[in-house]
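Enquirer: Structure file upload05.tsv (TSV, N, CA and C atoms) is given on the next line.
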chain	number	residue	atom	x	y	z
A	1	MET	N	-13.21	-18.39	-7.42
A	1	MET	CA	-12.04	-17.70	-6.90
A	1	MET	C	-10.80	-18.37	-7.46
A	2	VAL	N	-9.83	-17.59	-7.81
A	2	VAL	CA	-8.57	-18.08	-8.34
A	2	VAL	C	-7.49	-17.68	-7.37
A	3	ASN	N	-6.54	-18.58	-7.11
A	3	ASN	CA	-5.41	-18.18	-6.27
A	3	ASN	C	-4.11	-18.58	-6.93
A	4	GLY	N	-3.02	-18.01	-6.48
A	4	GLY	CA	-1.71	-18.23	-7.08
A	4	GLY	C	-1.22	-19.65	-7.00
A	5	GLU	N	-1.73	-20.43	-6.08
A	5	GLU	CA	-1.27	-21.82	-5.96
A	5	GLU	C	-1.89	-22.71	-7.03
A	6	THR	N	-3.12	-22.43	-7.40
A	6	THR	CA	-3.76	-23.32	-8.37
A	6	THR	C	-3.48	-22.93	-9.82
A	7	ASN	N	-3.22	-21.67	-10.08
A	7	ASN	CA	-2.95	-21.24	-11.44
A	7	ASN	C	-2.08	-19.98	-11.43
A	8	PRO	N	-0.80	-20.14	-11.14
A	8	PRO	CA	0.07	-18.96	-11.03
A	8	PRO	C	0.19	-18.15	-12.32
A	9	GLU	N	0.07	-18.79	-13.48
A	9	GLU	CA	0.18	-18.05	-14.74
A	9	GLU	C	-1.00	-17.10	-14.91
A	10	LEU	N	-2.20	-17.56	-14.53
A	10	LEU	CA	-3.37	-16.71	-14.64
A	10	LEU	C	-3.27	-15.52	-13.70
A	11	ILE	N	-2.83	-15.77	-12.48
A	11	ILE	CA	-2.66	-14.68	-11.52
A	11	ILE	C	-1.67	-13.65	-12.06
A	12	GLU	N	-0.58	-14.10	-12.61
A	12	GLU	CA	0.42	-13.18	-13.16
A	12	GLU	C	-0.19	-12.35	-14.29
A	13	ASP	N	-0.95	-12.99	-15.17
A	13	ASP	CA	-1.59	-12.26	-16.27
A	13	ASP	C	-2.58	-11.22	-15.74
A	14	ILE	N	-3.34	-11.57	-14.72
A	14	ILE	CA	-4.29	-10.64	-14.13
A	14	ILE	C	-3.57	-9.46	-13.50
A	15	GLU	N	-2.54	-9.72	-12.70
A	15	GLU	CA	-1.81	-8.66	-12.01
A	15	GLU	C	-1.10	-7.73	-12.98
A	16	GLU	N	-0.68	-8.25	-14.11
A	16	GLU	CA	0.00	-7.43	-15.10
A	16	GLU	C	-0.97	-6.75	-16.06
A	17	GLY	N	-2.28	-7.01	-15.88
A	17	GLY	CA	-3.29	-6.33	-16.67
A	17	GLY	C	-3.56	-6.94	-18.03
A	18	PHE	N	-3.07	-8.16	-18.27
A	18	PHE	CA	-3.30	-8.79	-19.57
A	18	PHE	C	-4.73	-9.30	-19.71
A	19	ILE	N	-5.37	-9.60	-18.59
A	19	ILE	CA	-6.74	-10.09	-18.60
A	19	ILE	C	-7.58	-9.07	-17.85
A	20	GLU	N	-8.44	-8.37	-18.55
A	20	GLU	CA	-9.19	-7.28	-17.95
A	20	GLU	C	-10.49	-7.73	-17.29
A	21	ASP	N	-10.90	-8.99	-17.49
A	21	ASP	CA	-12.16	-9.47	-16.93
A	21	ASP	C	-12.04	-9.85	-15.46
A	22	TYR	N	-10.84	-9.86	-14.91
A	22	TYR	CA	-10.62	-10.25	-13.51
A	22	TYR	C	-9.97	-9.11	-12.75
A	23	ILE	N	-10.33	-9.01	-11.51
A	23	ILE	CA	-9.68	-8.04	-10.62
A	23	ILE	C	-9.10	-8.83	-9.46
A	24	PRO	N	-7.78	-8.73	-9.24
A	24	PRO	CA	-7.21	-9.48	-8.11
A	24	PRO	C	-7.69	-8.90	-6.79
A	25	LEU	N	-8.06	-9.77	-5.87
A	25	LEU	CA	-8.47	-9.34	-4.54
A	25	LEU	C	-7.24	-9.02	-3.71
A	26	PRO	N	-7.33	-7.99	-2.88
A	26	PRO	CA	-6.18	-7.69	-2.02
A	26	PRO	C	-5.97	-8.81	-1.00
A	27	ARG	N	-4.74	-9.07	-0.70
A	27	ARG	CA	-4.43	-10.06	0.32
A	27	ARG	C	-4.69	-9.44	1.69
A	28	GLN	N	-4.97	-10.28	2.67
A	28	GLN	CA	-5.28	-9.79	4.02
A	28	GLN	C	-4.14	-8.93	4.54
A	29	TYR	N	-2.89	-9.32	4.30
A	29	TYR	CA	-1.73	-8.55	4.74
A	29	TYR	C	-1.77	-7.15	4.14
A	30	ASN	N	-2.08	-7.06	2.86
A	30	ASN	CA	-2.11	-5.77	2.19
A	30	ASN	C	-3.18	-4.86	2.79
A	31	MET	N	-4.34	-5.43	3.12
A	31	MET	CA	-5.43	-4.63	3.69
A	31	MET	C	-5.03	-4.08	5.06
A	32	LYS	N	-4.39	-4.90	5.88
A	32	LYS	CA	-3.97	-4.44	7.20
A	32	LYS	C	-2.93	-3.33	7.08
A	33	GLU	N	-1.96	-3.52	6.21
A	33	GLU	CA	-0.93	-2.51	5.99
A	33	GLU	C	-1.55	-1.22	5.45
A	34	TYR	N	-2.50	-1.36	4.55
A	34	TYR	CA	-3.14	-0.18	3.97
A	34	TYR	C	-3.88	0.62	5.04
A	35	ARG	N	-4.61	-0.07	5.90
A	35	ARG	CA	-5.31	0.60	7.00
A	35	ARG	C	-4.33	1.31	7.93
A	36	MET	N	-3.20	0.66	8.18
A	36	MET	CA	-2.19	1.29	9.04
A	36	MET	C	-1.63	2.55	8.39
A	37	MET	N	-1.43	2.52	7.09
A	37	MET	CA	-0.95	3.71	6.38
A	37	MET	C	-1.98	4.83	6.49
A	38	GLU	N	-3.26	4.50	6.28
A	38	GLU	CA	-4.31	5.51	6.39
A	38	GLU	C	-4.34	6.14	7.79
A	39	GLU	N	-4.28	5.31	8.82
A	39	GLU	CA	-4.29	5.82	10.20
A	39	GLU	C	-3.10	6.74	10.45
A	40	PHE	N	-1.93	6.32	9.98
A	40	PHE	CA	-0.73	7.13	10.14
A	40	PHE	C	-0.90	8.49	9.48
A	41	ILE	N	-1.41	8.49	8.26
A	41	ILE	CA	-1.58	9.72	7.50
A	41	ILE	C	-2.54	10.66	8.22
A	42	TYR	N	-3.66	10.13	8.69
A	42	TYR	CA	-4.67	11.00	9.31
A	42	TYR	C	-4.26	11.46	10.70
A	43	ASP	N	-3.26	10.82	11.28
A	43	ASP	CA	-2.71	11.28	12.57
A	43	ASP	C	-1.70	12.41	12.39
A	44	LEU	N	-1.22	12.61	11.16
A	44	LEU	CA	-0.27	13.69	10.90
A	44	LEU	C	-0.98	15.04	10.92
A	45	PRO	N	-0.25	16.10	11.24
A	45	PRO	CA	-0.85	17.43	11.14
A	45	PRO	C	-1.20	17.74	9.69
A	46	ALA	N	-2.27	18.48	9.49
A	46	ALA	CA	-2.66	18.86	8.14
A	46	ALA	C	-1.52	19.63	7.48
A	47	GLY	N	-1.31	19.36	6.21
A	47	GLY	CA	-0.25	20.06	5.49
A	47	GLY	C	0.26	19.26	4.32
A	48	ARG	N	1.42	19.67	3.82
A	48	ARG	CA	1.99	19.05	2.61
A	48	ARG	C	2.27	17.57	2.77
A	49	ALA	N	2.86	17.16	3.90
A	49	ALA	CA	3.20	15.75	4.09
A	49	ALA	C	1.94	14.90	4.10
A	50	GLN	N	0.93	15.34	4.83
A	50	GLN	CA	-0.30	14.57	4.90
A	50	GLN	C	-0.94	14.48	3.51
A	51	ASP	N	-0.99	15.57	2.78
A	51	ASP	CA	-1.57	15.57	1.44
A	51	ASP	C	-0.80	14.66	0.49
A	52	ALA	N	0.51	14.73	0.52
A	52	ALA	CA	1.34	13.92	-0.38
A	52	ALA	C	1.21	12.44	-0.06
A	53	LEU	N	1.21	12.08	1.21
A	53	LEU	CA	1.07	10.68	1.59
A	53	LEU	C	-0.32	10.16	1.26
A	54	ASP	N	-1.34	10.97	1.46
A	54	ASP	CA	-2.70	10.56	1.13
A	54	ASP	C	-2.82	10.29	-0.37
A	55	ALA	N	-2.26	11.15	-1.19
A	55	ALA	CA	-2.29	10.94	-2.65
A	55	ALA	C	-1.47	9.71	-3.04
A	56	ALA	N	-0.39	9.45	-2.32
A	56	ALA	CA	0.51	8.34	-2.65
A	56	ALA	C	-0.14	6.97	-2.49
A	57	ILE	N	-1.11	6.85	-1.59
A	57	ILE	CA	-1.69	5.53	-1.33
A	57	ILE	C	-2.89	5.22	-2.22
A	58	ARG	N	-3.14	6.04	-3.19
A	58	ARG	CA	-4.27	5.81	-4.11
A	58	ARG	C	-3.79	5.07	-5.35
A	59	GLY	N	-4.41	3.94	-5.64
A	59	GLY	CA	-4.12	3.20	-6.86
A	59	GLY	C	-2.99	2.20	-6.72
A	60	LYS	N	-2.68	1.60	-7.85
A	60	LYS	CA	-1.64	0.56	-7.91
A	60	LYS	C	-0.28	1.17	-7.57
A	61	GLY	N	0.51	0.44	-6.81
A	61	GLY	CA	1.83	0.90	-6.42
A	61	GLY	C	1.82	1.74	-5.16
A	62	ALA	N	0.72	1.69	-4.41
A	62	ALA	CA	0.55	2.54	-3.23
A	62	ALA	C	1.65	2.32	-2.19
A	63	PHE	N	2.02	1.08	-1.95
A	63	PHE	CA	3.00	0.79	-0.91
A	63	PHE	C	4.36	1.38	-1.25
A	64	HIS	N	4.74	1.26	-2.49
A	64	HIS	CA	6.03	1.79	-2.94
A	64	HIS	C	6.04	3.33	-2.88
A	65	ARG	N	4.97	3.95	-3.38
A	65	ARG	CA	4.90	5.41	-3.36
A	65	ARG	C	4.87	5.94	-1.92
A	66	PHE	N	4.13	5.24	-1.05
A	66	PHE	CA	4.06	5.65	0.35
A	66	PHE	C	5.46	5.66	0.96
A	67	LYS	N	6.21	4.60	0.73
A	67	LYS	CA	7.56	4.51	1.28
A	67	LYS	C	8.45	5.64	0.74
A	68	ASP	N	8.34	5.92	-0.54
A	68	ASP	CA	9.12	7.01	-1.13
A	68	ASP	C	8.79	8.35	-0.49
A	69	ARG	N	7.50	8.62	-0.29
A	69	ARG	CA	7.09	9.90	0.31
A	69	ARG	C	7.53	9.99	1.77
A	70	LEU	N	7.52	8.86	2.47
A	70	LEU	CA	8.02	8.87	3.86
A	70	LEU	C	9.44	9.42	3.90
A	71	TYR	N	10.28	8.94	3.00
A	71	TYR	CA	11.67	9.38	2.97
A	71	TYR	C	11.77	10.83	2.50
A	72	ASN	N	10.92	11.24	1.57
A	72	ASN	CA	10.93	12.64	1.11
A	72	ASN	C	10.67	13.60	2.26
A	73	PHE	N	9.77	13.21	3.16
A	73	PHE	CA	9.41	14.09	4.28
A	73	PHE	C	10.10	13.68	5.59
A	74	GLU	N	11.04	12.75	5.49
A	74	GLU	CA	11.81	12.25	6.64
A	74	GLU	C	10.89	11.80	7.78
A	75	LEU	N	9.89	11.00	7.42
A	75	LEU	CA	8.94	10.49	8.38
A	75	LEU	C	9.07	8.99	8.62
A	76	GLN	N	10.12	8.39	8.09
A	76	GLN	CA	10.25	6.94	8.17
A	76	GLN	C	10.32	6.44	9.62
A	77	GLU	N	11.04	7.12	10.49
A	77	GLU	CA	11.13	6.67	11.88
A	77	GLU	C	9.79	6.79	12.59
A	78	LYS	N	9.08	7.87	12.31
A	78	LYS	CA	7.75	8.04	12.89
A	78	LYS	C	6.81	6.93	12.40
A	79	TRP	N	6.92	6.56	11.13
A	79	TRP	CA	6.11	5.47	10.57
A	79	TRP	C	6.43	4.15	11.26
A	80	TYR	N	7.71	3.84	11.43
A	80	TYR	CA	8.08	2.57	12.05
A	80	TYR	C	7.60	2.49	13.50
A	81	LYS	N	7.60	3.62	14.21
A	81	LYS	CA	7.05	3.64	15.57
A	81	LYS	C	5.55	3.39	15.53
A	82	HIS	N	4.87	4.03	14.62
A	82	HIS	CA	3.42	3.85	14.48
A	82	HIS	C	3.10	2.39	14.14
A	83	ARG	N	3.84	1.85	13.23
A	83	ARG	CA	3.62	0.48	12.77
A	83	ARG	C	3.88	-0.54	13.87
A	84	GLY	N	4.80	-0.22	14.76
A	84	GLY	CA	5.17	-1.15	15.82
A	84	GLY	C	4.24	-1.16	17.02
A	85	ARG	N	3.24	-0.30	17.03
A	85	ARG	CA	2.31	-0.23	18.16
A	85	ARG	C	1.65	-1.54	18.43
Output the file's structure in the form of structure tokens.
Expert:
Amino acid sequence: MVNGETNPELIEDIEEGFIEDYIPLPRQYNMKEYRMMEEFIYDLPAGRAQDALDAAIRGKGAFHRFKDRLYNFELQEKWYKHRGR
């Protein structure tokens, strides 16, 4: 296992895709946030917002895209209430 404290240059190379033999593991914080995003999305009524948010959380950059879509559909306050539970 490699972590950012023991070899920050290697971690940076992995995250930027320069080294394809390694896959960075998600941090525990990221996993919790990701699960919260999924729960929020599936609690929404079926429709465009749910579909767009579901697509937004797939792949690299999910957190940023999710936040952008929240603002597109004016769901940011609903998200913050959900997150604060």
Enquirer: Let me make sure I understand: among A:Glu33, A:Glu16, A:Tyr42, A:Leu53, which one has the smallest atom-to-atom distance to Arg69 (chain A) if we use only N, CA and C atoms?
Expert: A:Leu53
Enquirer: May I ask for the distance between CA of Arg85 (chain A) and atom N of Tyr71 (chain A), given in Å to one decimal place?
Expert: 19.4 Å
Enquirer: Could you jot down the atom C of Tyr34 (chain A) to CA of Ala49 (chain A) separation for me, Å, one decimal place?
Expert: 16.7 Å
Enquirer: What is the CA of Ala46 (chain A) to CA of Phe63 (chain A) distance in Å?
Expert: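 Value for the CA of Ala46 (chain A)-CA of Phe63 (chain A) distance: 21.0 Å.
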Enquirer: List as number ranges by chain the protein and nucleic acid residues near Phe40 (chain A), meaning an atom at most 9 Å away when only C-alpha atoms are counted, but skip any in the same chain fewer than 4 places from it.
Expert: A: 35-36, 44, 78-79, 82-83
Enquirer: What are the centre and edge lengths in Å, to one decimal, of the axis-aligned box around all listed atoms of region 29-41 of chain A with 3 Å added on each side, as JSON?
Expert:
{"center_x": -3.1, "center_y": 0.7, "center_z": 6.3, "size_x": 10.7, "size_y": 26.0, "size_z": 14.3}
Enquirer: List the spatial neighbours of Phe66 (chain A) as a CSV table (one decimal) with N, CA and C atoms, in the coordinates of the input - criterion: any atom at most 8 Å away, all atoms listed in the file, same-chain residues fewer than 6 positions off excluded.
Expert:
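New file result.csv:
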chain,number,residue,atom,x,y,z
A,52,ALA,N,0.5,14.7,0.5
A,52,ALA,CA,1.3,13.9,-0.4
A,52,ALA,C,1.2,12.4,-0.1
A,53,LEU,N,1.2,12.1,1.2
A,53,LEU,CA,1.1,10.7,1.6
A,53,LEU,C,-0.3,10.2,1.3
A,54,ASP,N,-1.3,11.0,1.5
A,54,ASP,CA,-2.7,10.6,1.1
A,54,ASP,C,-2.8,10.3,-0.4
A,55,ALA,N,-2.3,11.2,-1.2
A,55,ALA,CA,-2.3,10.9,-2.6
A,55,ALA,C,-1.5,9.7,-3.0
A,56,ALA,N,-0.4,9.4,-2.3
A,56,ALA,CA,0.5,8.3,-2.6
A,56,ALA,C,-0.1,7.0,-2.5
A,57,ILE,N,-1.1,6.8,-1.6
A,57,ILE,CA,-1.7,5.5,-1.3
A,57,ILE,C,-2.9,5.2,-2.2
A,58,ARG,N,-3.1,6.0,-3.2
A,58,ARG,CA,-4.3,5.8,-4.1
A,58,ARG,C,-3.8,5.1,-5.4
A,72,ASN,N,10.9,11.2,1.6
A,72,ASN,CA,10.9,12.6,1.1
A,72,ASN,C,10.7,13.6,2.3
